[in-house]
file target-v5.cif (mmCIF, C-alpha atoms)
data_query
loop_
_atom_site.label_atom_id
_atom_site.label_comp_id
_atom_site.auth_asym_id
_atom_site.auth_seq_id
_atom_site.Cartn_x
_atom_site.Cartn_y
_atom_site.Cartn_z
CA MET F 30 -97.46 5.70 35.22
CA THR F 31 -100.73 7.55 34.76
CA ASP F 32 -101.98 8.86 31.43
CA ASN F 33 -102.61 12.46 32.45
CA ILE F 34 -99.22 13.32 34.01
CA PRO F 35 -96.73 14.44 31.36
CA PRO F 36 -93.27 12.89 31.57
CA PHE F 37 -90.72 14.89 33.56
CA ASP F 38 -88.80 17.26 31.30
CA GLY F 39 -86.21 18.47 33.81
CA ARG F 40 -87.97 21.67 34.81
CA ARG F 41 -88.46 21.78 38.54
CA TRP F 42 -91.18 23.35 40.64
CA HIS F 43 -89.22 26.36 41.88
CA ASP F 44 -88.45 27.39 38.29
CA MET F 45 -91.88 28.94 37.90
CA GLY F 46 -91.33 31.85 35.51
CA GLY F 47 -94.07 31.89 32.87
CA ASP F 48 -96.53 29.62 34.68
CA THR F 49 -100.14 30.67 34.78
CA ALA F 50 -101.27 31.69 38.24
CA GLN F 51 -103.92 33.59 40.13
CA ALA F 52 -103.97 37.33 40.84
CA VAL F 53 -101.06 38.51 42.95
CA PRO F 54 -102.11 38.29 46.62
CA LYS F 55 -101.59 41.57 48.48
CA ASP F 56 -101.85 40.26 52.05
CA GLN F 57 -98.90 41.26 54.22
CA HIS F 58 -97.82 39.85 57.57
CA ASP F 59 -95.37 41.36 60.02
CA PHE F 60 -92.31 39.24 60.52
CA SER F 61 -92.33 37.55 63.91
CA LEU F 62 -89.27 37.31 66.12
CA TRP F 63 -88.60 33.67 65.26
CA GLU F 64 -88.67 34.53 61.54
CA LYS F 65 -86.22 37.37 62.03
CA ARG F 66 -83.97 35.00 63.94
CA VAL F 67 -84.03 32.51 61.07
CA ASP F 68 -83.10 35.31 58.69
CA ALA F 69 -80.27 36.42 60.98
CA LEU F 70 -78.93 32.87 61.36
CA MET F 71 -78.74 32.52 57.59
CA ILE F 72 -76.87 35.81 57.16
CA LEU F 73 -74.43 34.98 59.97
CA CYS F 74 -73.75 31.38 58.88
CA SER F 75 -73.16 32.58 55.33
CA ALA F 76 -70.93 35.48 56.40
CA LYS F 77 -68.86 33.08 58.53
CA GLY F 78 -68.39 30.71 55.60
CA HIS F 79 -70.30 27.68 56.89
CA PHE F 80 -72.41 27.47 53.76
CA THR F 81 -73.56 29.70 50.91
CA VAL F 82 -76.89 31.12 49.81
CA ASP F 83 -76.52 28.73 46.89
CA GLY F 84 -76.53 25.85 49.37
CA LEU F 85 -79.62 27.34 51.04
CA ARG F 86 -81.42 27.49 47.69
CA ARG F 87 -80.30 24.01 46.61
CA VAL F 88 -81.96 22.43 49.64
CA LEU F 89 -85.09 24.58 49.21
CA GLU F 90 -85.35 23.46 45.59
CA ASP F 91 -84.90 19.81 46.53
CA MET F 92 -87.95 19.98 48.81
CA PRO F 93 -91.13 18.46 47.38
CA PRO F 94 -93.25 20.85 45.29
CA GLU F 95 -96.05 20.98 47.86
CA SER F 96 -93.66 22.43 50.46
CA PHE F 97 -94.15 25.84 48.81
CA GLU F 98 -97.77 25.73 49.97
CA THR F 99 -97.53 23.61 53.12
CA MET F 100 -94.59 25.43 54.75
CA THR F 101 -94.07 29.13 55.27
CA TYR F 102 -91.05 30.94 53.84
CA TYR F 103 -89.00 30.86 57.03
CA GLU F 104 -90.08 27.32 57.87
CA ARG F 105 -88.46 26.27 54.60
CA TRP F 106 -85.43 28.39 55.44
CA ILE F 107 -84.78 26.86 58.87
CA ALA F 108 -85.19 23.37 57.41
CA SER F 109 -82.58 24.23 54.77
CA ILE F 110 -80.26 25.93 57.25
CA GLY F 111 -80.35 22.84 59.46
CA GLN F 112 -79.52 20.52 56.58
CA ASN F 113 -76.71 22.77 55.35
CA LEU F 114 -75.21 22.90 58.84
CA VAL F 115 -75.30 19.10 59.04
CA GLU F 116 -73.64 18.87 55.62
CA ALA F 117 -71.02 21.37 56.80
CA GLY F 118 -70.24 19.25 59.85
CA VAL F 119 -71.24 22.03 62.24
CA LEU F 120 -74.25 20.18 63.69
CA THR F 121 -75.35 16.56 63.76
CA PRO F 122 -78.91 15.30 63.32
CA ALA F 123 -78.73 13.76 66.81
CA GLU F 124 -77.82 17.09 68.39
CA ILE F 125 -80.67 18.87 66.65
CA GLY F 126 -83.17 16.12 67.43
CA GLN F 127 -82.27 15.81 71.09
CA ARG F 128 -82.33 19.56 71.59
CA MET F 129 -85.71 19.87 69.85
CA SER F 130 -87.16 17.18 72.14
CA GLU F 131 -85.91 19.05 75.18
CA ILE F 132 -87.26 22.35 73.84
CA GLN F 133 -90.69 20.82 73.30
CA THR F 134 -90.90 20.07 77.03
CA ARG F 135 -90.22 23.68 78.05
CA GLY F 136 -93.64 25.07 77.28
CA ALA F 137 -96.53 25.15 74.87
CA THR F 138 -95.63 28.30 72.97
CA TYR F 139 -92.61 29.77 71.23
CA GLY F 140 -92.46 32.48 73.86
CA ASP F 141 -92.28 29.87 76.63
CA ALA F 142 -89.79 27.58 74.88
CA THR F 143 -87.28 30.14 73.62
CA ARG F 144 -84.42 31.52 75.64
CA GLY F 145 -82.37 34.55 74.83
CA MET T 10 -102.98 36.93 75.28
CA PRO T 11 -99.88 38.64 73.95
CA HIS T 12 -96.87 38.84 76.20
CA ASP T 13 -96.00 42.37 77.12
CA HIS T 14 -92.45 41.62 78.21
CA MET T 15 -89.27 42.02 76.24
CA SER T 16 -86.82 39.28 75.41
CA PRO T 17 -83.33 39.62 76.86
CA SER T 18 -82.18 40.73 73.42
CA GLY T 19 -84.52 43.70 73.74
CA HIS T 20 -87.03 42.57 71.15
CA PRO T 21 -90.67 42.47 72.17
CA PHE T 22 -92.37 39.11 72.01
CA ARG T 23 -95.20 39.23 69.56
CA ALA T 24 -98.64 37.68 69.54
CA ASP T 25 -97.29 35.08 67.12
CA ASP T 26 -95.18 33.72 69.97
CA ASP T 27 -98.32 32.65 71.82
CA VAL T 28 -99.53 30.13 69.28
CA PRO T 29 -98.55 26.50 69.96
CA LEU T 30 -94.86 25.85 69.43
CA SER T 31 -94.40 24.44 65.93
CA TYR T 32 -91.88 21.83 64.83
CA TRP T 33 -89.97 24.42 62.79
CA GLN T 34 -89.95 26.99 65.59
CA ALA T 35 -88.47 24.32 67.86
CA MET T 36 -85.85 23.69 65.20
CA GLU T 37 -84.98 27.39 65.04
CA ILE T 38 -84.50 27.46 68.82
CA ALA T 39 -82.40 24.29 68.70
CA VAL T 40 -80.16 25.45 65.84
CA ARG T 41 -79.69 28.87 67.44
CA GLU T 42 -78.82 27.46 70.86
CA LEU T 43 -76.40 24.90 69.44
CA LEU T 44 -74.65 27.50 67.27
CA ILE T 45 -74.23 29.73 70.31
CA GLU T 46 -72.94 26.86 72.50
CA LYS T 47 -70.43 25.86 69.82
CA GLY T 48 -69.17 29.41 69.54
CA VAL T 49 -70.30 29.86 65.94
CA THR T 50 -72.27 32.95 66.93
CA THR T 51 -73.58 34.74 70.01
CA ALA T 52 -77.00 35.90 71.14
CA ALA T 53 -75.74 39.48 70.88
CA GLU T 54 -74.56 38.95 67.33
CA ILE T 55 -77.95 37.56 66.33
CA ALA T 56 -79.75 40.47 67.98
CA SER T 57 -77.42 42.90 66.28
CA GLN T 58 -78.07 41.30 62.90
CA ILE T 59 -81.83 41.55 63.47
CA ASP T 60 -81.43 45.22 64.39
CA ALA T 61 -79.37 45.87 61.25
CA MET T 62 -82.06 44.28 59.08
CA ASP T 63 -84.86 46.11 60.89
CA ALA T 64 -83.05 49.39 60.26
CA ARG T 65 -83.20 48.88 56.50
CA SER T 66 -86.38 50.09 54.88
CA PRO T 67 -87.76 51.65 51.70
CA ALA T 68 -86.98 55.04 53.29
CA ASN T 69 -83.31 54.37 52.48
CA GLY T 70 -84.09 53.82 48.83
CA ALA T 71 -86.32 56.88 48.81
CA GLN T 72 -83.39 59.03 49.88
CA VAL T 73 -81.27 57.55 47.10
CA VAL T 74 -83.96 58.22 44.50
CA ALA T 75 -84.56 61.78 45.70
CA ARG T 76 -80.85 62.48 45.39
CA ILE T 77 -80.78 61.00 41.89
CA TRP T 78 -83.57 63.41 40.95
CA THR T 79 -81.65 66.42 42.22
CA ASP T 80 -77.95 65.62 41.76
CA PRO T 81 -76.82 64.81 38.20
CA ALA T 82 -73.36 63.66 39.29
CA PHE T 83 -74.90 61.26 41.81
CA ARG T 84 -77.34 59.99 39.16
CA ALA T 85 -74.39 59.24 36.88
CA ALA T 86 -72.58 57.47 39.72
CA MET T 87 -75.66 55.36 40.51
CA LEU T 88 -76.08 54.30 36.90
CA GLN T 89 -72.37 53.46 36.73
CA ASP T 90 -72.09 51.53 40.02
CA ALA T 91 -75.10 51.60 42.33
CA SER T 92 -73.38 49.57 45.07
CA ALA T 93 -70.53 52.05 45.38
CA ALA T 94 -72.79 55.08 45.13
CA THR T 95 -75.23 53.93 47.84
CA ALA T 96 -72.38 52.84 50.11
CA ALA T 97 -70.69 56.22 49.61
CA MET T 98 -73.97 57.86 50.63
CA GLY T 99 -73.63 56.05 53.96
CA PHE T 100 -75.92 53.04 53.60
CA ASP T 101 -74.64 49.73 54.94
CA ILE T 102 -75.52 47.47 52.02
CA GLY T 103 -72.98 44.80 52.94
CA PRO T 104 -71.79 42.65 50.03
CA MET T 105 -74.88 43.37 47.91
CA LYS T 106 -74.18 44.12 44.24
CA LEU T 107 -76.77 46.63 43.06
CA ILE T 108 -77.84 47.84 39.62
CA ALA T 109 -80.11 50.89 39.25
CA VAL T 110 -82.46 50.91 36.27
CA GLU T 111 -84.10 54.19 35.37
CA ASN T 112 -87.65 54.70 34.18
CA THR T 113 -88.30 57.28 31.47
CA ASP T 114 -91.36 58.47 29.58
CA THR T 115 -90.85 55.55 27.18
CA LEU T 116 -89.40 52.84 29.42
CA HIS T 117 -90.84 51.21 32.56
CA ASN T 118 -88.70 48.74 34.52
CA VAL T 119 -90.04 46.10 36.90
CA VAL T 120 -88.09 43.61 39.02
CA VAL T 121 -88.89 39.97 39.84
CA CYS T 122 -87.02 36.83 40.85
CA THR T 123 -88.62 33.80 39.23
CA LEU T 124 -86.26 31.21 40.76
CA CYS T 125 -86.51 32.33 44.39
CA SER T 126 -87.12 35.83 45.73
CA CYS T 127 -83.91 37.86 45.37
CA TYR T 128 -84.54 41.44 46.44
CA PRO T 129 -82.36 44.48 47.26
CA ARG T 130 -82.93 43.71 50.95
CA ASN T 131 -79.71 45.33 52.14
CA LEU T 132 -81.04 48.70 51.00
CA LEU T 133 -84.85 48.36 51.14
CA GLY T 134 -85.26 45.80 53.92
CA LEU T 135 -87.09 42.48 53.63
CA PRO T 136 -89.40 42.07 50.63
CA PRO T 137 -93.18 42.24 50.82
CA ASP T 138 -94.98 38.90 50.91
CA TRP T 139 -96.44 39.35 47.43
CA TYR T 140 -92.94 39.61 45.95
CA LYS T 141 -92.32 36.02 47.13
CA SER T 142 -95.70 34.70 45.92
CA ARG T 143 -96.12 32.06 43.24
CA ALA T 144 -98.38 34.45 41.31
CA TYR T 145 -95.87 37.31 41.12
CA ARG T 146 -92.89 35.05 40.40
CA SER T 147 -94.76 33.13 37.70
CA ARG T 148 -96.67 35.82 35.86
CA THR T 149 -94.43 38.91 35.85
CA VAL T 150 -92.11 37.57 33.15
CA ARG T 151 -94.97 36.51 30.88
CA GLU T 152 -97.66 39.15 31.34
CA PRO T 153 -96.02 42.08 33.09
CA ARG T 154 -98.67 44.54 31.96
CA ALA T 155 -101.45 42.46 33.47
CA VAL T 156 -99.51 42.20 36.74
CA LEU T 157 -98.76 45.93 36.75
CA ALA T 158 -102.44 46.69 36.15
CA GLU T 159 -103.27 44.75 39.33
CA PHE T 160 -101.00 47.21 41.13
CA GLY T 161 -102.77 50.14 39.48
CA VAL T 162 -100.06 50.84 36.92
CA THR T 163 -101.30 50.99 33.34
CA LEU T 164 -98.90 51.96 30.59
CA PRO T 165 -99.40 53.03 26.97
CA ASP T 166 -98.29 50.60 24.26
CA ASN T 167 -95.47 52.90 23.21
CA THR T 168 -93.91 52.67 26.67
CA GLU T 169 -91.59 49.66 26.69
CA VAL T 170 -91.95 47.43 29.71
CA ARG T 171 -88.63 45.88 30.69
CA VAL T 172 -88.71 43.02 33.19
CA HIS T 173 -85.57 42.27 35.19
CA ASP T 174 -85.38 38.65 36.39
CA SER T 175 -82.86 38.64 39.29
CA THR T 176 -81.39 35.27 38.38
CA ALA T 177 -77.89 35.57 39.78
CA ASP T 178 -75.54 37.89 41.66
CA MET T 179 -77.04 41.31 41.02
CA ARG T 180 -79.93 43.05 42.76
CA TYR T 181 -82.04 45.77 41.17
CA ILE T 182 -83.61 49.05 42.20
CA VAL T 183 -85.91 50.94 39.86
CA ILE T 184 -85.53 54.71 39.69
CA PRO T 185 -89.07 55.98 39.18
CA THR T 186 -89.72 59.08 37.10
CA ARG T 187 -89.88 62.32 39.06
CA PRO T 188 -93.50 63.47 39.40
CA ALA T 189 -94.57 66.68 37.72
CA GLY T 190 -95.17 69.70 39.90
CA THR T 191 -92.18 69.12 42.15
CA ASP T 192 -89.78 71.76 40.83
CA GLY T 193 -87.76 73.29 43.60
CA TRP T 194 -88.74 70.68 46.19
CA SER T 195 -86.17 69.73 48.80
CA ARG T 196 -84.64 66.27 48.75
CA ASP T 197 -86.50 65.32 51.94
CA ASP T 198 -89.82 66.38 50.47
CA LEU T 199 -89.12 64.49 47.27
CA ALA T 200 -88.18 61.36 49.23
CA ARG T 201 -91.67 61.27 50.70
CA LEU T 202 -93.05 60.69 47.20
CA VAL T 203 -90.94 57.56 46.66
CA THR T 204 -92.77 54.37 47.60
CA ARG T 205 -91.39 50.87 48.00
CA ASP T 206 -93.40 49.65 45.03
CA SER T 207 -92.06 52.46 42.84
CA MET T 208 -88.55 51.11 43.45
CA ILE T 209 -89.64 47.55 42.51
CA GLY T 210 -91.48 48.85 39.47
CA THR T 211 -94.98 47.83 40.53
CA GLY T 212 -95.79 51.44 41.36
CA ARG T 213 -95.00 55.01 40.45
CA ALA T 214 -93.77 57.74 42.73
CA LYS T 215 -96.66 59.59 44.34
CA SER T 216 -97.84 62.81 42.79
CA PRO T 217 -97.80 65.91 45.00
CA GLU T 218 -101.56 65.45 45.34
CA GLY T 219 -100.86 61.97 46.71
CA LEU T 220 -99.34 63.37 49.89
CA ALA T 221 -101.62 64.16 52.79
CA GLY T 222 -102.37 67.87 52.96
CA THR T 223 -100.18 68.52 55.96
CA ASP T 224 -97.27 66.67 54.33
CA ARG T 225 -97.36 68.76 51.19
CA PRO T 226 -94.68 71.38 50.77
CA THR T 227 -96.11 74.80 50.07
CA MET V 4 -69.71 49.81 31.03
CA GLY V 5 -70.99 51.87 28.08
CA MET V 6 -72.59 50.73 24.85
CA ARG V 7 -71.06 47.91 22.88
CA PRO V 8 -70.16 48.88 19.34
CA VAL V 9 -71.77 45.78 17.84
CA ALA V 10 -74.72 43.85 19.23
CA GLU V 11 -73.55 40.48 20.46
CA PHE V 12 -76.29 37.88 20.08
CA VAL V 13 -76.29 34.73 22.17
CA ARG V 14 -78.52 31.70 22.49
CA VAL V 15 -79.19 30.23 25.91
CA ARG V 16 -78.35 26.55 25.93
CA ALA V 17 -81.44 24.34 25.94
CA ASP V 18 -79.95 21.71 28.27
CA MET V 19 -82.12 20.45 31.12
CA PRO V 20 -79.68 19.01 33.66
CA PRO V 21 -80.73 18.09 37.18
CA GLY V 22 -79.39 20.05 40.13
CA HIS V 23 -79.08 23.66 41.25
CA ILE V 24 -79.23 25.88 38.13
CA ARG V 25 -79.68 29.66 37.92
CA THR V 26 -80.76 29.70 34.27
CA PRO V 27 -84.57 29.83 34.17
CA ALA V 28 -86.18 27.14 32.00
CA TYR V 29 -88.33 29.69 30.16
CA LEU V 30 -85.18 31.27 28.67
CA ARG V 31 -83.50 28.08 27.49
CA GLY V 32 -83.08 27.96 23.73
CA LYS V 33 -83.93 31.67 23.38
CA VAL V 34 -81.80 34.27 21.60
CA GLY V 35 -80.97 37.62 23.15
CA VAL V 36 -78.35 40.34 23.05
CA ILE V 37 -75.70 40.93 25.69
CA GLU V 38 -76.54 44.13 27.54
CA ARG V 39 -73.45 44.14 29.74
CA THR V 40 -70.96 41.69 31.17
CA LEU V 41 -70.29 41.42 34.89
CA GLY V 42 -68.13 39.32 37.12
CA PRO V 43 -66.36 37.01 37.04
CA PHE V 44 -68.40 35.37 39.78
CA PRO V 45 -67.99 31.83 41.18
CA ASN V 46 -70.25 29.29 39.52
CA PRO V 47 -73.29 28.77 41.80
CA GLU V 48 -73.82 25.31 40.34
CA GLN V 49 -70.66 24.30 42.24
CA LEU V 50 -71.09 26.55 45.28
CA ALA V 51 -74.46 24.95 46.01
CA TYR V 52 -72.73 21.61 46.63
CA ARG V 53 -69.93 22.98 48.81
CA HIS V 54 -67.39 23.04 45.99
CA THR V 55 -65.20 25.95 45.00
CA GLY V 56 -66.96 27.88 42.27
CA THR V 57 -65.07 28.35 39.02
CA PRO V 58 -65.03 32.10 38.24
CA LEU V 59 -67.24 32.79 35.24
CA PRO V 60 -68.33 35.91 33.36
CA LEU V 61 -71.94 36.78 34.06
CA HIS V 62 -73.81 38.29 31.12
CA ARG V 63 -76.95 40.38 31.38
CA VAL V 64 -78.90 39.31 28.33
CA ARG V 65 -81.85 41.23 26.88
CA PHE V 66 -84.63 39.32 25.17
CA THR V 67 -87.81 40.48 23.49
CA MET V 68 -91.06 39.09 24.82
CA GLN V 69 -91.79 37.89 21.30
CA GLU V 70 -88.60 35.79 21.32
CA ILE V 71 -89.49 34.23 24.67
CA TRP V 72 -93.22 33.72 24.33
CA GLY V 73 -93.94 33.98 20.60
CA PRO V 74 -95.91 36.55 18.60
CA GLN V 75 -99.12 36.03 20.59
CA THR V 76 -97.56 37.47 23.72
CA GLU V 77 -99.03 40.40 25.64
CA THR V 78 -96.81 43.07 24.00
CA PRO V 79 -94.16 41.59 21.65
CA HIS V 80 -91.75 44.54 21.78
CA ASP V 81 -91.54 44.59 25.58
CA THR V 82 -88.24 43.24 26.87
CA LEU V 83 -86.78 41.12 29.62
CA GLU V 84 -83.27 41.02 31.03
CA ALA V 85 -81.70 38.23 33.03
CA GLU V 86 -78.22 37.35 34.27
CA ILE V 87 -76.86 34.22 32.58
CA TYR V 88 -73.49 32.61 33.34
CA ALA V 89 -71.16 32.32 30.36
CA HIS V 90 -71.23 28.51 30.16
CA TRP V 91 -74.97 28.65 29.41
CA LEU V 92 -74.54 30.86 26.32
CA ASP V 93 -73.56 30.03 22.73
CA PRO V 94 -72.92 32.57 19.96
CA ALA V 95 -75.98 33.16 17.81
CA ASP V 96 -77.28 35.10 14.85
CA ALA V 97 -79.85 37.83 15.36
CA PRO V 98 -83.30 36.28 15.88
#
call {"tool": "encode", "arguments": {"input": "target-v5.cif", "output": "structure tokens"}}
result
Amino acid sequence: MTDNIPPFDGRRWHDMGGDTAQAVPKDQHDFSLWEKRVDALMILCSAKGHFTVDGLRRVLEDMPPESFETMTYYERWIASIGQNLVEAGVLTPAEIGQRMSEIQTRGATYGDATRG
Amino acid sequence: MPHDHMSPSGHPFRADDDVPLSYWQAMEIAVRELLIEKGVTTAAEIASQIDAMDARSPANGAQVVARIWTDPAFRAAMLQDASAATAAMGFDIGPMKLIAVENTDTLHNVVVCTLCSCYPRNLLGLPPDWYKSRAYRSRTVREPRAVLAEFGVTLPDNTEVRVHDSTADMRYIVIPTRPAGTDGWSRDDLARLVTRDSMIGTGRAKSPEGLAGTDRPT
Amino acid sequence: MGMRPVAEFVRVRADMPPGHIRTPAYLRGKVGVIERTLGPFPNPEQLAYRHTGTPLPLHRVRFTMQEIWGPQTETPHDTLEAEIYAHWLDPADAP
């Protein structure tokens, strides 16, 4: 327990309405193919009833506060999609892990490692 | 060096694909491949979903707004049930539940999602990065006028600012006020005045002078 | 929809439970007026955990900035609207 950290009052990091913050950043990036694929996977899994957008958000909110700065938007999304699919019984951690290891041997870049 | 080839799904690889493969990119590939192998989805279905999302853009909303400005019955239908009215106009908004909020000379609406980044994506396409930023999500509900000023929108004190926090099932589109000097303009010409930000509330529709000379109706 | 004949004031519950909640903390304990009622929609607090969501009315509640942030706020008569599920609202007197 440190003196300068107020006790937790139940408000979590994602619930940021009213916080003070810097000027609104106006930088814009074009969505890359892998980001669009993450977006599409979420829409399709939700439309097919494997999990809900509420489940997506719940896992995003349960991530540590620093994830908002250390991970990009769609990095957080694919992490949440993966966990929701495990919870739904569609995928297992072993399947995901083994496939990721195999993918990482295919090439050094996303373009080299992706198929389809 | 960027690849210049297309993926089998017909989407060009981008320069971003040439940076070292990240952990999360590998996870996307793994999840996608496993879902396809298990028959949950297909590569074609994913490509089709990407195409459907790419086809949505602020131009869709601009057509809706221009029609609201010129068709009183459609305006009434939009204010009554914006989902039904946009779908009836031919836009594929899927299951999105939409509410249209109309600016007037004394009311300015602006939309935010403080809890995540809910956005009328099925009409306007994916949101801009700033809409998802900590700064926009945090400040808009507390100091909307300061945020609007950063976007170049300053409002008199007797104009009420109304912030819409998209906390649950509904999505919001702002109907900007029709610019002066546009009497008699066609719907297509009017639509070119309607910007993305004007439908979020962080902008106004362009004035006729805001169009490039060659774009301006005579 | 249409205008309600009598303003219906509600106070957002000030509870701070853990878990997936769609009621922003900055509105808890604040009094507003119901602008319109939508739904019923399944409760996201259950959907998030793979449970069937109990159908609930969803109220769009209008607050003044003064009610939310106090009299020192940017412009007290500006307003804010948010969607709040019925189980988060108690009847209230006008602020």
call {"tool": "residues_around", "arguments": {"input": "target-v5.cif", "residues": "Ala28 in chain V", "least_positions_apart": "6", "cutoff": "8 Å", "atoms": "only C-alpha atoms", "output": "PyMOL selection string"}}
result
(chain F and resi 40+44+46) or (chain V and resi 19)
call {"tool": "closest_residue", "arguments": {"input": "target-v5.cif", "among": "F:Phe80, F:Arg87, F:Ser96, F:Ile132", "to": "Arg144 in chain F", "atoms": "all atoms listed in the file"}}
result
F:Ile132
call {"tool": "atom_distance", "arguments": {"input": "target-v5.cif", "atom1": "CA of Ser126 in chain T", "atom2": "CA of Arg146 in chain T"}}
result
7.9 Å
call {"tool": "resolve_selection", "arguments": {"input": "target-v5.cif", "expression": "the PyMOL selection byres ((chain F and resi 118-126) around 8)", "output": "list in words"}}
result
His79, Gly111, Leu114, Val115, Glu116, Ala117, Gln127, Arg128, Met129 and Ser130 of chain F; Met36, Ala39, Val40 and Leu43 of chain T
call {"tool": "atom_distance", "arguments": {"input": "target-v5.cif", "atom1": "CA of Ala53 in chain T", "atom2": "CA of Cys127 in chain T"}}
result
26.8 Å
call {"tool": "closest_residue", "arguments": {"input": "target-v5.cif", "among": "V:Leu30, V:Val64, V:Val13, V:Leu59", "to": "His90 in chain V", "atoms": "all atoms listed in the file"}}
result
V:Leu59
